[in-house]
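Student: Got target-v2.cif for you, mmCIF, C-alpha atoms:
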data_run
#
loop_
_atom_site.label_atom_id
_atom_site.label_comp_id
_atom_site.auth_asym_id
_atom_site.auth_seq_id
_atom_site.Cartn_x
_atom_site.Cartn_y
_atom_site.Cartn_z
CA MET C 434 0.00 0.00 0.00
CA GLN C 435 2.82 2.41 0.87
CA HIS C 436 4.44 1.66 -2.46
CA VAL C 437 1.22 2.58 -4.32
CA LEU C 438 0.84 5.84 -2.33
CA ARG C 439 4.49 6.75 -2.87
CA LYS C 440 4.14 6.09 -6.60
CA LEU C 441 0.91 8.14 -6.75
CA TRP C 442 2.66 11.03 -4.97
CA SER C 443 5.86 10.95 -7.04
CA GLN C 444 4.30 10.39 -10.47
CA THR C 445 1.03 12.29 -10.23
CA LEU C 446 0.39 14.57 -7.28
CA HIS C 447 3.84 16.10 -6.75
CA PRO C 448 4.37 17.07 -10.43
CA MET C 449 0.88 18.63 -10.51
CA LEU C 450 1.48 20.67 -7.38
CA SER C 451 4.98 21.80 -8.32
CA ARG C 452 4.39 22.80 -11.93
CA PRO C 453 6.31 25.90 -13.05
CA ARG C 454 4.65 29.27 -12.73
CA ARG C 455 3.27 30.76 -15.91
CA LEU C 456 4.92 34.02 -17.00
CA GLN C 457 3.27 37.44 -17.06
CA VAL C 458 4.79 40.87 -17.67
CA ALA C 459 3.94 44.15 -15.93
CA ALA C 460 4.73 47.82 -16.48
CA LEU C 461 5.75 49.94 -13.50
CA CYS C 462 4.60 53.25 -14.96
CA TYR C 463 6.03 56.31 -13.24
CA ARG C 464 6.53 60.07 -13.53
CA GLN C 465 8.35 62.84 -11.71
CA SER C 466 6.08 65.44 -10.12
CA ASP C 467 6.67 68.44 -7.86
CA SER C 468 6.15 66.16 -4.88
CA GLY C 469 8.57 63.49 -6.14
CA ARG C 470 8.28 60.22 -8.01
CA GLU C 471 4.79 58.81 -8.53
CA VAL C 472 3.66 55.43 -9.84
CA LEU C 473 0.47 54.62 -11.70
CA LEU C 474 -1.81 51.96 -10.26
CA ILE C 475 -4.97 50.63 -11.87
CA THR C 476 -7.83 48.54 -10.57
CA SER C 477 -8.21 44.95 -11.69
CA ARG C 478 -11.33 44.21 -13.71
CA ASP C 479 -12.54 41.31 -11.59
CA THR C 480 -11.90 42.26 -7.94
CA GLY C 481 -11.18 45.99 -8.14
CA ARG C 482 -7.92 45.63 -6.22
CA TRP C 483 -4.95 47.88 -7.05
CA VAL C 484 -2.43 46.37 -9.49
CA LEU C 485 0.15 47.27 -12.13
CA PRO C 486 -0.87 46.97 -15.79
CA LYS C 487 0.10 43.41 -16.71
CA GLY C 488 -0.60 40.54 -19.05
CA TRP C 489 0.88 37.74 -21.10
CA PRO C 490 3.98 38.02 -23.29
CA MET C 491 2.96 38.70 -26.90
CA GLU C 492 4.29 37.01 -29.99
CA GLY C 493 6.59 39.29 -31.95
CA LYS C 494 7.26 41.56 -28.96
CA THR C 495 9.88 41.46 -26.23
CA CYS C 496 8.63 41.04 -22.67
CA ALA C 497 9.22 44.77 -22.08
CA GLU C 498 7.30 45.70 -25.24
CA SER C 499 4.46 43.41 -24.15
CA ALA C 500 4.36 45.17 -20.76
CA ALA C 501 4.21 48.56 -22.53
CA GLN C 502 1.33 47.30 -24.70
CA GLU C 503 -0.54 46.26 -21.54
CA ALA C 504 0.12 49.73 -20.08
CA TRP C 505 -1.60 51.22 -23.14
CA GLU C 506 -4.57 48.85 -23.15
CA GLU C 507 -5.19 48.88 -19.39
CA ALA C 508 -4.01 52.35 -18.30
CA GLY C 509 -3.80 54.64 -21.35
CA VAL C 510 -0.01 55.04 -21.26
CA ARG C 511 0.75 55.89 -24.87
CA ASN C 512 4.38 56.98 -24.96
CA GLY C 513 7.27 56.76 -22.61
CA ARG C 514 10.80 55.63 -21.98
CA LEU C 515 10.80 51.85 -21.57
CA ASP C 516 13.57 49.96 -19.77
CA GLU C 517 14.16 46.66 -21.59
CA ARG C 518 15.60 45.05 -18.44
CA ALA C 519 13.23 43.77 -15.77
CA ILE C 520 13.67 45.67 -12.49
CA GLY C 521 12.15 42.87 -10.46
CA ARG C 522 9.61 40.10 -10.28
CA TYR C 523 6.82 38.88 -8.06
CA GLU C 524 4.72 35.76 -7.76
CA TYR C 525 1.03 35.43 -7.08
CA ASP C 526 -1.81 32.98 -7.56
CA LYS C 527 -4.55 34.05 -9.96
CA ARG C 528 -8.04 32.75 -9.28
CA LEU C 529 -9.62 31.65 -12.57
CA ASP C 530 -13.30 31.92 -13.47
CA ASN C 531 -13.75 28.18 -12.88
CA GLY C 532 -12.38 28.50 -9.31
CA ALA C 533 -8.99 26.96 -10.06
CA VAL C 534 -5.81 28.75 -9.03
CA GLU C 535 -3.02 29.40 -11.52
CA PRO C 536 0.47 30.15 -10.12
CA LEU C 537 2.05 33.10 -11.95
CA GLU C 538 5.45 34.80 -12.04
CA THR C 539 5.39 38.42 -13.17
CA LEU C 540 8.43 40.27 -14.55
CA VAL C 541 8.26 44.04 -13.97
CA TYR C 542 9.57 46.62 -16.47
CA ARG C 543 10.04 50.32 -15.72
CA LEU C 544 8.17 52.72 -18.03
CA GLU C 545 8.58 56.49 -17.60
CA VAL C 546 5.28 57.95 -18.78
CA ALA C 547 5.44 60.70 -21.42
CA GLU C 548 1.78 60.67 -22.48
CA LEU C 549 -1.34 59.46 -20.66
CA LEU C 550 -4.59 59.37 -22.64
CA ASP C 551 -8.11 59.27 -21.24
CA ASP C 552 -9.46 57.28 -24.20
CA PHE C 553 -7.90 53.79 -24.15
CA PRO C 554 -9.22 50.24 -24.71
CA GLU C 555 -10.11 49.40 -21.07
CA ALA C 556 -10.95 52.94 -19.86
CA HIS C 557 -14.53 52.00 -18.91
CA GLU C 558 -13.35 48.94 -16.92
CA ARG C 559 -10.60 50.43 -14.73
CA THR C 560 -9.74 53.26 -12.36
CA ARG C 561 -6.27 54.85 -12.40
CA SER C 562 -4.41 56.60 -9.62
CA TRP C 563 -1.01 58.31 -9.34
CA VAL C 564 0.50 57.69 -5.90
CA SER C 565 3.92 57.69 -4.28
CA PRO C 566 5.76 54.35 -4.37
CA SER C 567 5.38 54.03 -0.58
CA VAL C 568 1.61 54.53 -0.78
CA ALA C 569 1.42 52.13 -3.74
CA ALA C 570 3.18 49.51 -1.60
CA THR C 571 0.37 49.74 0.97
CA LEU C 572 -2.35 49.36 -1.68
CA VAL C 573 -1.22 46.20 -3.51
CA ASP C 574 -1.84 42.69 -2.17
CA GLU C 575 1.26 40.83 -3.34
CA PRO C 576 4.11 40.90 -0.75
CA GLN C 577 6.92 40.75 -3.35
CA LEU C 578 5.32 43.59 -5.33
CA ARG C 579 5.02 45.59 -2.09
CA ASP C 580 8.76 45.15 -1.56
CA LEU C 581 9.56 46.17 -5.13
CA LEU C 582 7.43 49.33 -4.83
CA SER C 583 8.97 50.21 -1.47
CA ARG C 584 12.45 50.04 -3.00
CA PHE C 585 11.41 52.08 -6.05
#
As structure tokens - that is how I would like this structure written.

Tutor:
Amino acid sequence: MQHVLRKLWSQTLHPMLSRPRRLQVAALCYRQSDSGREVLLITSRDTGRWVLPKGWPMEGKTCAESAAQEAWEEAGVRNGRLDERAIGRYEYDKRLDNGAVEPLETLVYRLEVAELLDDFPEAHERTRSWVSPSVAATLVDEPQLRDLLSRF
């Protein structure tokens, strides 16, 4: 019996539970204001919690370019200076519509905002807010993202 349980664990359950995290990319959009550096947070469509614009890597684009595309679609960031190197990463578990949980790893790319438009693809689905990095760190749920924002 122990042999059967050990085989079940090693060949079925353990590989399922330890599958690699799926990759997402995020844009840490920021600007310099009179009061210092500010970052742009948006609300998620499903829960309304504060997040960075993020999504899946896109075919034909680098991860940084994909993050910038998400910043346009989700936050209206049209132009800016994009850093091609990730400045950090964070992990979280995304709850899917069917109730399952998908483990994700998100690479974060810095994007200095030059132009922010009010008319963008997801404008009617999201709220945007410019806040200091320290305030942003208190608003997001993911501990590793909190740390990244605190250091920014």

Student: List the residues selected by the PyMOL selection byres ((chain C and resi 503) around 8) in the file shown, writing them as number ranges by chain.

Tutor: C: 459-460, 486-488, 499-502, 504-508

Student: Might you pull out every residue within 12 Å of Asp479 in chain C, with all atoms listed in the file counted and same-chain residues fewer than 5 positions away left off, and present them as a short mmCIF file (atom, residue, chain, number, x, y, z; two decimals) with C-alpha atoms, keeping the file's coordinate frame?

Tutor:
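Saved as part.cif:
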data_model
loop_
_atom_site.label_atom_id
_atom_site.label_comp_id
_atom_site.auth_asym_id
_atom_site.auth_seq_id
_atom_site.Cartn_x
_atom_site.Cartn_y
_atom_site.Cartn_z
CA VAL C 484 -2.43 46.37 -9.49
CA LYS C 527 -4.55 34.05 -9.96
CA ARG C 528 -8.04 32.75 -9.28
CA LEU C 529 -9.62 31.65 -12.57
CA ASP C 530 -13.30 31.92 -13.47
CA GLU C 558 -13.35 48.94 -16.92
CA ARG C 559 -10.60 50.43 -14.73
#

Student: Nearest to Glu524 in chain C among C:Glu498, C:Glu575, C:Glu492, C:Glu471, with distances taken over all atoms listed in the file: which residue is it?

Tutor: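 Nearest candidate to Glu524 in chain C out of C:Glu498, C:Glu575, C:Glu492, C:Glu471: C:Glu575.
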
Student: Contacts of Ala570 in chain C at 10 Å or less, counting all atoms listed in the file, minus same-chain residues fewer than 3 places along, as a count of residues only?

Tutor: 18

Student: Put a box with edges along x, y and z around all the listed atoms of range 466-481 of chain C, pad it by 3 Å on each side, then give me its centre and sizes in Å, one decimal, as lines of an AutoDock Vina configuration file.

Tutor:
center_x = -2.0
center_y = 54.9
center_z = -9.3
size_x = 27.1
size_y = 33.1
size_z = 14.8

Student: So what do you get for CA of Cys496 in chain C versus CA of Leu537 in chain C, distance-wise?

Tutor: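 These atoms are spaced 14.9 Å apart.
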
Student: Between CA of Arg522 in chain C and CA of Leu540 in chain C, measure the distance and give it in Å to one decimal.

Tutor: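 Taking CA of Arg522 in chain C as the start and CA of Leu540 in chain C as the end point, the length is 4.4 Å.
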
Student: Rounded to one decimal place, report the CA of Thr476 in chain C-CA of His557 in chain C distance in Å.

Tutor: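 A separation of 11.2 Å between them.
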
Student: Please evaluate the PyMOL selection byres ((chain C and resi 563) around 12) against the displayed coordinates and give the resulting residues as a JSON list (two decimals) with C-alpha atoms, in the coordinates of the input.

Tutor:
[["chain", "number", "residue", "atom", "x", "y", "z"],
["C", 461, "LEU", "CA", 5.75, 49.94, -13.50],
["C", 462, "CYS", "CA", 4.60, 53.25, -14.96],
["C", 463, "TYR", "CA", 6.03, 56.31, -13.24],
["C", 464, "ARG", "CA", 6.53, 60.07, -13.53],
["C", 465, "GLN", "CA", 8.35, 62.84, -11.71],
["C", 466, "SER", "CA", 6.08, 65.44, -10.12],
["C", 468, "SER", "CA", 6.15, 66.16, -4.88],
["C", 469, "GLY", "CA", 8.57, 63.49, -6.14],
["C", 470, "ARG", "CA", 8.28, 60.22, -8.01],
["C", 471, "GLU", "CA", 4.79, 58.81, -8.53],
["C", 472, "VAL", "CA", 3.66, 55.43, -9.84],
["C", 473, "LEU", "CA", 0.47, 54.62, -11.70],
["C", 474, "LEU", "CA", -1.81, 51.96, -10.26],
["C", 475, "ILE", "CA", -4.97, 50.63, -11.87],
["C", 476, "THR", "CA", -7.83, 48.54, -10.57],
["C", 483, "TRP", "CA", -4.95, 47.88, -7.05],
["C", 485, "LEU", "CA", 0.15, 47.27, -12.13],
["C", 508, "ALA", "CA", -4.01, 52.35, -18.30],
["C", 546, "VAL", "CA", 5.28, 57.95, -18.78],
["C", 549, "LEU", "CA", -1.34, 59.46, -20.66],
["C", 560, "THR", "CA", -9.74, 53.26, -12.36],
["C", 561, "ARG", "CA", -6.27, 54.85, -12.40],
["C", 562, "SER", "CA", -4.41, 56.60, -9.62],
["C", 564, "VAL", "CA", 0.50, 57.69, -5.90],
["C", 565, "SER", "CA", 3.92, 57.69, -4.28],
["C", 566, "PRO", "CA", 5.76, 54.35, -4.37],
["C", 567, "SER", "CA", 5.38, 54.03, -0.58],
["C", 568, "VAL", "CA", 1.61, 54.53, -0.78],
["C", 569, "ALA", "CA", 1.42, 52.13, -3.74],
["C", 572, "LEU", "CA", -2.35, 49.36, -1.68]]

Student: Taking 6 positions as the minimum chain separation for residues in the same chain, which residues sit within 8 Å of Ala497 in chain C when counting all atoms listed in the file? Answer as a list of chain:residue names.

Tutor: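 The residues that qualify are C:Val458, C:Ala460, C:Leu515, C:Asp516, C:Glu517, C:Arg518, C:Ala519, C:Tyr542.
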
Student: Looking at C:Pro453, C:Gly493, C:Gly532, C:Pro554, which one is nearest to Arg511 in chain C, with distances taken over only C-alpha atoms?

Tutor: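 Checking each candidate against Arg511 in chain C, we get C:Pro554 as the closest.
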